[in-house]
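These notes are about the structure you will find just below.
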Amino acid sequence: MTTPKKLVLIGNGMAGVRAIEHLLKLAPEAYEITIFGAEPHPNYNRIMLSSVLAGGADMKEIIINDWDWYKDNHIQLHTGHKVTRIDTQRKKIITDKGLETDYDAVVVATGSNPFMLPIPGADKEGVIAFRDIRDCEMMLDASRKYRKAAVIGGGLLGLEAARGLLHLGMDVSVIHIHKYLMERQLDEPASRMLQRELEAQGMKFLLHKHSASITGRRRVKELQFTDGSSVDADLVVMAVGIRPNIALAKASGIEINRGIVVDDYMRTNIPDVYALGECAEHRGIAYGLVAPLYEQGAVLAKHLAGVETSGYAGSVTSTKLKVSGVDVFSAGRFAETPGTRALRIQDDLAGTYKKIVIEDGKLVGAVLFGDIADGASLFASIKKGESVAGREKELLLGISSDMLGQSSGGGSRLADMADDEIVCGCNGVSKGTIAAAIQTKGCSTVGQIKACTKASASCGGCKPEVEGLLHLYAGDAISEPVKEGICGCTTLSRDEIVEGIKTMRLMSVKEVMHVLDWDNKDGCSKCRPSLNYYLGMLWPEEYVDEKESRFTNERYHANIQKDGTYSVVPRIYGGVTSPADLKKIATVAEKYDVPMVKFTGGQRLDLLGVKKEDLPKIWEELDMASGHAYGKTLRTVKTCVGSTFCRFGTQDAIGMGIRLEKAFERLNTPAKVKLAVSGCPRNCAEATIKDLGVVAIDGGWELYVGGNGGVKVRACDLLGTVKTEDEVMEWTGAYLQYYRENAQWNERTAAWLERVGLASIKKALENKEDRLALVARIEKTLSLTTDPWKEIVENDHLRKNFEPISSVQPVQ
């Protein structure tokens, strides 16, 4: 048996680890692999940092290969180690922590460093780049404490950083040296359309500005420009470009230019030393986009495995930007130069723009805005260098379905595409990987391919190509309908999952995912909470609630605020309190230095700015029920004074509201639920925009359902009219239980009612026997609930979850 060679990878980023993944498939026993990473994290998707900022993903979801992957593949991983020198004579790697490791072959994949403008004040607190997880965490932290952000750089990275900060609630200004945005990827008309879209979202732009200095005492306060103008800023993010990280190569005597100089097989001038990724320079070009880096990795892996390969010949690049629904695509050479012809079409009403550039009868560049469906096909045509003579207008006006992927020779472009060509740039998934998932692993839907390979799991821009490959390789075996389930972990719908839980009496989240054949066996942040709810709804007596499957606010029973503190809202039934309860709240607020006590729109008092470690003690001393301002449950029952004091009141709105709130508090629901009771048709409690509203009339009560006063305002529909308070309780209980049993997870009553129709709900509740059965089920569920704070207060081991954490270390 041949002794494996020692391979060392310096850099735990996307390009280097991708090459290792290829190598493990080609020659799994050939090398004993060691990886050094300067960051304290496993391999993660740097492209998705903007999604983390924008709220589309959390830190866990951007991990490409977790800690177990390294162990499973027998890879020795050293995180938090910076390699300071490669001793090319003794073939040793030396780190800043004094560790030395022998190698037979070494791959340098140190990536790049963000370029920081050398202007006065650039070293102040609050001036950062946007390059890694630490930068992302600093931006998240800044958004909790500060208001104004300035992003220097109107390119791809700068706009994604700006959109993320905008999502975090900051006032964002983008400063750009050029007269229009993304000038390297877009022409001016497309750029102006992009600017208008982003301005509509709240982003501000200062174009043709040259940064001169950053002022402030210790922390940044203002960014000044060479023309004498300035902009206020508590945070300055520099996104003005990257530089290949060549410090290690320079210290080790390896040839460098702008980057580490490599040949077509990624070899440096030193034997057995290779380089790839953003730190490498190939034929005078250092690439900063992920697709070329993955192409380099595929070539290097084949070379190291001894597999014949033609070498890396460079890449034609494309750029795709997706910021909050704004789609932009560009590829190749889109500037109009002598010898080129440009065709363009612009629809300001639809918000679309398309431009193609032709040279010598070939497509050499394209820019798309608004509708980028043809991007993949146009890019493939650019890369193939095929003649498009006579088809120019067809390309401009849209590739028809029967022409999608057709070359001039009649063969399918997708079929002709090389197996190692990257389809999903965000996750580095090649055509061959997708084909194998379909042909050998039985993937027959886009959702299954996504779960198996991660293709289309990030920005989703490659989904048309994934669908095309599915049709190409699966044919009649495609599952019908081609659909996605409640998340990318499963193709099952909500109804299919609930039916499976009921018929097979599944009793835990893990059991559901195993028996119902989840593609991702650990689930995700979308499906775990929903399964936890469905199980609790179906088996209230037997199911034990999984706290780890709940969101942070629900685990801590308080709303986390932008500065990392929490908001505590004790329950005040119907908005009616007492001097004794007011004294309790005031005493606790003073004792624990609560910075703000505010009346809420739901007629309660909100203690804002509470430290996490004080939460158990505050609840214990308040000795009041939680208002569940954080949960998917009954939030509030708003009331007017009704007939108790008001001269217009026809019924006791306060008494009715308190009765409803005490009856249904602590009830878990698919989404948050708000109720209100108005004592007369003047509707002072705004009952007709609540999930369920009760309005008093002469001799009875009107019941309204499906309202929403949030982002999408919806007036309620009249469910019916009843005469007595007992009937109000009966119909309310039946309605809420029917909603609990039939709505999708995280679906508010307004959306649910619009989906299923008022008529179907009325029909389900019209029979008294059916209503009473629903009421019996909701009462059984409520009888098993207690205020969650009692459990926290009475169990010391649970209190430890609220202790402050001085430092966070990665769990390995």
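Convention: chains lettered A, B, ... in structure tokens order; per-chain residue numbering from 1; ligands numbered from 1 as shown.
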Residue list (alpha helix (DSSP H), DSSP) for region 269-457 of chain A, as a PyMOL selection string
chain A and resi 290-305+375-384+392-397+413-416+431-439+446-453
If you run DSSP on the backbone here, which positions in region 449-647 of chain A get strand (DSSP E)? Please write them as a PyMOL selection string.
chain A and resi 559-560+566-568+596-599+605-610+634-639
Neighbouring residues of region 66-75 of chain A were defined as those with any atom within 12 Å, considering only C-alpha atoms; residues of the same chain fewer than 6 positions away were excluded. Please report them as a ChimeraX atom specification.
/A:6-9,12,17,20-21,23-25,28-29,31-36,40-45,59-60,810-812
Best match for closeness to Asp263 (chain A) among A:Ala19, A:Ala418, A:Val299, A:Leu535, counting only C-alpha atoms:
A:Val299
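Considering only C-alpha atoms, the residue among A:Ala580, A:Ile93, A:Met417, A:Cys487 positioned nearest to Val446 (chain A) is A:Cys487.
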Determine, counting only C-alpha atoms, which protein, DNA and RNA residues have an atom within 9 Å of an atom of region 353-364 of chain A; residues of the same chain fewer than 6 positions away are not included. Present the result as a count of residues only.
36
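Taking CA of Arg755 (chain A) and CA of Ser530 (chain A) as the two end points, the separation is 18.8 Å.
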Give me the residues of region 88-150 of chain A that have any atom at most 10 Å from an atom of region 274-283 of chain A; for each, the nearest atom pair and the distance in Å, rounded to one decimal. Use only C-alpha atoms, sort by chain and number, and format it as a tab-separated table.
residue	atom	partner	partner_atom	distance
A:Ala105	CA	A:Tyr274	CA	7.8
A:Val106	CA	A:Tyr274	CA	6.1
A:Val107	CA	A:Tyr274	CA	4.6
A:Val108	CA	A:Ala275	CA	4.5
A:Ala109	CA	A:Leu276	CA	5.5
A:Thr110	CA	A:Cys279	CA	5.9
A:Gly111	CA	A:Glu278	CA	4.6
A:Ser112	CA	A:Glu278	CA	5.6
A:Asn113	CA	A:Cys279	CA	9.1
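Take CA of Glu741 (chain A) and CA of Arg550 (chain A): the distance between them is 19.0 Å.
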Here is a test: counting only C-alpha atoms, which residue of A:Glu727, A:Glu499, A:Asp614, A:Glu686 is nearest to Tyr556 (chain A)?
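So, comparing all the options, the nearest one is A:Asp614.
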What lies within 12 Å of Asn683 (chain A) using only C-alpha atoms, ignoring chain neighbours under 3 positions off, as a list in words?
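Result of the neighbour search: Lys638, Thr639, Cys640, Val641, Gly642, Phe648, Gly649, Thr650, Ala653, Ala676, Val677, Ser678, Gly679, Cys680, Glu686, Ala687, Thr688, Ile689, Lys690, Gly693, Val694, Val695, Ala696, Ile697, Glu702 and Tyr704 of chain A.
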Can you pull out every residue within 12 Å of region 780-786 of chain A, counting only C-alpha atoms, but drop anything in the same chain fewer than 4 positions away, and send it as a PyMOL selection string?
chain A and resi 536-545+625-626+633-634+662-669+733+737+740+773-776+790-792
Pairwise distance for CA of Leu368 (chain A) and CA of His167 (chain A), rounded to one decimal in Å
25.1 Å
What lies within 12 Å of Ala589 (chain A) using only C-alpha atoms, ignoring chain neighbours under 3 positions off, as a list in words?
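With the cut-off at 12 Å, the set is Ser567, Val568, Val569, Leu582, Lys583, Lys584, Ile585, Ala586, Tyr592, Asp593, Val594, Pro595, Met596, Val597, Lys598, Leu605, Asp606, Leu607, Leu608, Gly609, Val610, Lys611, Asp614, Leu615, Lys617, Ile618, Trp619, Glu621 and Leu622 of chain A.
You can rank A:Ser578, A:Met266, A:Asn65, A:Leu289 by their closest distance to Gly311 (chain A) using only C-alpha atoms, and at the top of that list sits A:Met266.
Using only C-alpha atoms for every distance, the candidate list A:Thr453, A:Arg184, A:Val237, A:Val705 yields A:Arg184 as the residue closest to Val367 (chain A).
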Top pick for closest residue to Arg147 (chain A), considering A:Ile94, A:Asp232, A:Leu207, A:Asp770 and counting only C-alpha atoms
A:Asp232
